[in-house]
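Below is one structure; the comments refer to it alone.
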Amino acid sequence: MEYKNNFYKFTLETKLKFMKITLYGKQGHAHTVAFKNFLKMAEVVFEYKDIFKDEHAKSHTKSLYEGQLKFPTLFVDDAIYLTPSSDEFNSIMKDLKLRG
């Protein structure tokens, strides 16, 4: 049983190591701050881009939201989550087996 638990932990850590998570948001925005804090507490490697400081992220955001600037936007590998609510974010993290 101990081996299975360690194996599970190893495979989850390996998965997280190769998972690409990017968060687009705005400094001081409540959901952005909460999502960043969760990912940091879960010790997940992720990339954060402030759409008001990063022109590429700003342009990409506009292309995702039909010319509008909306945030946050969460990217997990090939999946894109447009303006997830806190409940949606928690559900995504639960599906990824992440805990903050």
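Following the order of the structure tokens, chains are lettered A, B, ..., residues in each are numbered from 1, and ligands are numbered from 1.
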So that I can check the secondary structure, give me every residue of chain A assigned helix (DSSP H, G or I) by backbone DSSP, as a PyMOL selection string.
chain A and resi 2-18+30-41+55-64+86-95
Please produce an output containing N, CA and C atoms for each residue in the selection, written as a compact mmCIF listing (two decimals), in the first residue's frame.
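The resulting file, selection_16.txt, is shown below:
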# COMPACT_ATOMS: atom_id res chain seq x y z
N GLU A 2 1.93 1.24 0.77
CA GLU A 2 2.82 2.40 0.82
C GLU A 2 3.41 2.67 -0.56
N TYR A 3 3.78 1.63 -1.26
CA TYR A 3 4.36 1.79 -2.60
C TYR A 3 3.37 2.46 -3.54
N LYS A 4 2.12 2.05 -3.48
CA LYS A 4 1.11 2.66 -4.35
C LYS A 4 0.97 4.15 -4.05
N ASN A 5 0.94 4.52 -2.77
CA ASN A 5 0.83 5.93 -2.41
C ASN A 5 2.01 6.73 -2.92
N ASN A 6 3.21 6.19 -2.74
CA ASN A 6 4.40 6.88 -3.25
C ASN A 6 4.39 6.94 -4.77
N PHE A 7 3.95 5.85 -5.39
CA PHE A 7 3.88 5.84 -6.85
C PHE A 7 2.87 6.88 -7.34
N TYR A 8 1.73 6.94 -6.66
CA TYR A 8 0.71 7.93 -7.03
C TYR A 8 1.28 9.34 -6.89
N LYS A 9 1.97 9.59 -5.78
CA LYS A 9 2.57 10.91 -5.56
C LYS A 9 3.59 11.20 -6.65
N PHE A 10 4.41 10.23 -6.98
CA PHE A 10 5.41 10.43 -8.02
C PHE A 10 4.76 10.72 -9.37
N THR A 11 3.74 9.96 -9.73
CA THR A 11 3.11 10.19 -11.03
C THR A 11 2.41 11.54 -11.06
N LEU A 12 1.80 11.96 -9.96
CA LEU A 12 1.16 13.26 -9.91
C LEU A 12 2.20 14.37 -10.02
N GLU A 13 3.32 14.23 -9.29
CA GLU A 13 4.39 15.23 -9.38
C GLU A 13 4.96 15.28 -10.78
N THR A 14 5.11 14.14 -11.42
CA THR A 14 5.62 14.10 -12.78
C THR A 14 4.65 14.78 -13.73
N LYS A 15 3.37 14.52 -13.55
CA LYS A 15 2.35 15.15 -14.38
C LYS A 15 2.41 16.66 -14.23
N LEU A 16 2.50 17.14 -12.98
CA LEU A 16 2.54 18.57 -12.73
C LEU A 16 3.79 19.21 -13.33
N LYS A 17 4.87 18.45 -13.34
CA LYS A 17 6.12 18.97 -13.86
C LYS A 17 6.02 19.27 -15.36
N PHE A 18 5.25 18.47 -16.06
CA PHE A 18 5.13 18.63 -17.51
C PHE A 18 3.86 19.36 -17.94
N ALA A 30 -9.34 40.62 -7.80
CA ALA A 30 -9.63 39.62 -6.76
C ALA A 30 -9.46 38.18 -7.24
N HIS A 31 -10.07 37.82 -8.35
CA HIS A 31 -9.95 36.43 -8.84
C HIS A 31 -8.52 36.13 -9.27
N THR A 32 -7.88 37.08 -9.92
CA THR A 32 -6.50 36.87 -10.35
C THR A 32 -5.61 36.59 -9.13
N VAL A 33 -5.73 37.41 -8.12
CA VAL A 33 -4.92 37.24 -6.90
C VAL A 33 -5.22 35.90 -6.24
N ALA A 34 -6.49 35.56 -6.13
CA ALA A 34 -6.88 34.29 -5.50
C ALA A 34 -6.34 33.09 -6.28
N PHE A 35 -6.44 33.14 -7.61
CA PHE A 35 -5.96 32.02 -8.42
C PHE A 35 -4.44 31.89 -8.33
N LYS A 36 -3.74 33.03 -8.38
CA LYS A 36 -2.27 33.00 -8.24
C LYS A 36 -1.88 32.43 -6.88
N ASN A 37 -2.55 32.85 -5.83
CA ASN A 37 -2.24 32.36 -4.48
C ASN A 37 -2.48 30.86 -4.37
N PHE A 38 -3.56 30.39 -4.94
CA PHE A 38 -3.85 28.95 -4.91
C PHE A 38 -2.72 28.17 -5.58
N LEU A 39 -2.33 28.60 -6.78
CA LEU A 39 -1.29 27.89 -7.53
C LEU A 39 0.04 27.92 -6.78
N LYS A 40 0.36 29.04 -6.17
CA LYS A 40 1.60 29.13 -5.38
C LYS A 40 1.55 28.20 -4.18
N MET A 41 0.42 28.18 -3.47
CA MET A 41 0.29 27.32 -2.30
C MET A 41 0.33 25.84 -2.68
N GLU A 55 2.08 43.02 -23.75
CA GLU A 55 1.34 43.32 -24.99
C GLU A 55 0.87 42.06 -25.71
N HIS A 56 1.68 41.01 -25.70
CA HIS A 56 1.27 39.77 -26.35
C HIS A 56 0.06 39.16 -25.64
N ALA A 57 0.09 39.15 -24.31
CA ALA A 57 -1.03 38.62 -23.54
C ALA A 57 -2.28 39.47 -23.78
N LYS A 58 -2.09 40.78 -23.87
CA LYS A 58 -3.22 41.68 -24.12
C LYS A 58 -3.85 41.39 -25.48
N SER A 59 -3.02 41.25 -26.49
CA SER A 59 -3.49 40.96 -27.84
C SER A 59 -4.17 39.59 -27.90
N HIS A 60 -3.56 38.61 -27.24
CA HIS A 60 -4.13 37.27 -27.21
C HIS A 60 -5.50 37.28 -26.52
N THR A 61 -5.59 38.03 -25.41
CA THR A 61 -6.86 38.15 -24.70
C THR A 61 -7.94 38.74 -25.59
N LYS A 62 -7.60 39.79 -26.31
CA LYS A 62 -8.57 40.41 -27.22
C LYS A 62 -9.05 39.43 -28.28
N SER A 63 -8.14 38.58 -28.76
CA SER A 63 -8.54 37.60 -29.77
C SER A 63 -9.47 36.53 -29.19
N LEU A 64 -9.31 36.23 -27.90
CA LEU A 64 -10.16 35.23 -27.26
C LEU A 64 -11.55 35.75 -26.92
N SER A 86 -14.74 31.51 -9.26
CA SER A 86 -14.01 30.79 -8.21
C SER A 86 -14.44 29.33 -8.15
N ASP A 87 -15.75 29.08 -8.28
CA ASP A 87 -16.24 27.70 -8.25
C ASP A 87 -15.70 26.90 -9.44
N GLU A 88 -15.69 27.51 -10.61
CA GLU A 88 -15.16 26.83 -11.80
C GLU A 88 -13.66 26.56 -11.64
N PHE A 89 -12.93 27.54 -11.13
CA PHE A 89 -11.50 27.36 -10.91
C PHE A 89 -11.26 26.21 -9.94
N ASN A 90 -12.00 26.19 -8.83
CA ASN A 90 -11.85 25.11 -7.84
C ASN A 90 -12.16 23.75 -8.46
N SER A 91 -13.15 23.69 -9.31
CA SER A 91 -13.50 22.44 -9.99
C SER A 91 -12.38 21.99 -10.93
N ILE A 92 -11.80 22.94 -11.64
CA ILE A 92 -10.68 22.63 -12.54
C ILE A 92 -9.50 22.08 -11.73
N MET A 93 -9.19 22.74 -10.62
CA MET A 93 -8.07 22.30 -9.77
C MET A 93 -8.35 20.93 -9.18
N LYS A 94 -9.61 20.69 -8.79
CA LYS A 94 -9.97 19.39 -8.25
C LYS A 94 -9.80 18.31 -9.31
N ASP A 95 -10.21 18.60 -10.55
CA ASP A 95 -10.04 17.65 -11.64
C ASP A 95 -8.57 17.35 -11.92
DSSP-assigned strand (DSSP E or B) members of chain A, reported as a list in words:
Ile21, Thr22, Leu23, Tyr24, Gly25, Glu47, Tyr48, Lys49, Asp50, Thr73, Leu74, Phe75, Val76, Ala79, Ile80, Tyr81 and Leu82 of chain A
Could the residues in this selection be written to a file with N, CA and C atoms, as a compact mmCIF listing (two decimals), in the first residue's frame?
# COMPACT_ATOMS: atom_id res chain seq x y z
N ILE A 21 0.76 25.49 -17.27
CA ILE A 21 -0.33 26.32 -16.76
C ILE A 21 0.07 27.78 -16.91
N THR A 22 -0.81 28.55 -17.53
CA THR A 22 -0.60 29.98 -17.69
C THR A 22 -1.85 30.69 -17.22
N LEU A 23 -1.66 31.78 -16.52
CA LEU A 23 -2.77 32.59 -16.03
C LEU A 23 -2.60 34.01 -16.54
N TYR A 24 -3.59 34.49 -17.26
CA TYR A 24 -3.65 35.90 -17.65
C TYR A 24 -4.56 36.60 -16.66
N GLY A 25 -4.15 37.76 -16.21
CA GLY A 25 -4.97 38.50 -15.27
C GLY A 25 -4.55 39.94 -15.16
N GLU A 47 2.92 30.16 -15.23
CA GLU A 47 3.35 31.44 -15.77
C GLU A 47 2.20 32.43 -15.61
N TYR A 48 2.52 33.60 -15.10
CA TYR A 48 1.50 34.64 -14.93
C TYR A 48 1.82 35.79 -15.87
N LYS A 49 0.80 36.28 -16.54
CA LYS A 49 0.96 37.43 -17.43
C LYS A 49 -0.12 38.45 -17.13
N ASP A 50 0.31 39.67 -16.80
CA ASP A 50 -0.60 40.77 -16.57
C ASP A 50 -0.95 41.36 -17.93
N THR A 73 -7.97 34.60 -17.39
CA THR A 73 -8.04 33.51 -18.37
C THR A 73 -7.03 32.47 -17.92
N LEU A 74 -7.43 31.23 -17.86
CA LEU A 74 -6.58 30.14 -17.41
C LEU A 74 -6.32 29.18 -18.57
N PHE A 75 -5.06 28.86 -18.77
CA PHE A 75 -4.66 27.90 -19.80
C PHE A 75 -4.01 26.72 -19.08
N VAL A 76 -4.51 25.52 -19.35
CA VAL A 76 -3.93 24.30 -18.81
C VAL A 76 -3.68 23.39 -20.00
N ALA A 79 -6.15 23.31 -22.97
CA ALA A 79 -7.48 23.78 -22.56
C ALA A 79 -7.42 25.26 -22.19
N ILE A 80 -8.46 26.00 -22.58
CA ILE A 80 -8.57 27.42 -22.26
C ILE A 80 -9.86 27.63 -21.49
N TYR A 81 -9.74 28.27 -20.32
CA TYR A 81 -10.90 28.57 -19.48
C TYR A 81 -11.08 30.08 -19.45
N LEU A 82 -12.15 30.54 -20.09
CA LEU A 82 -12.42 31.96 -20.20
C LEU A 82 -13.15 32.47 -18.96
Atom CA of Pro72 of chain A to atom CA of Ser85 of chain A, straight-line distance in Å
9.0 Å
Using Å and a single decimal, report how far atom CA of Gln68 of chain A sits from atom CA of Val44 of chain A.
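Answer for the atom CA of Val44 of chain A to atom CA of Gln68 of chain A separation: 28.9 Å.
What separates atom CA of Leu98 of chain A from atom CA of Phe52 of chain A is a distance of 28.2 Å.
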Counting only C-alpha atoms, figure out which residue out of A:Asp54, A:Gly67, A:Glu43, A:Lys26 gets nearest to Arg99 of chain A.
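That would be A:Glu43, the residue with the smallest distance to Arg99 of chain A.
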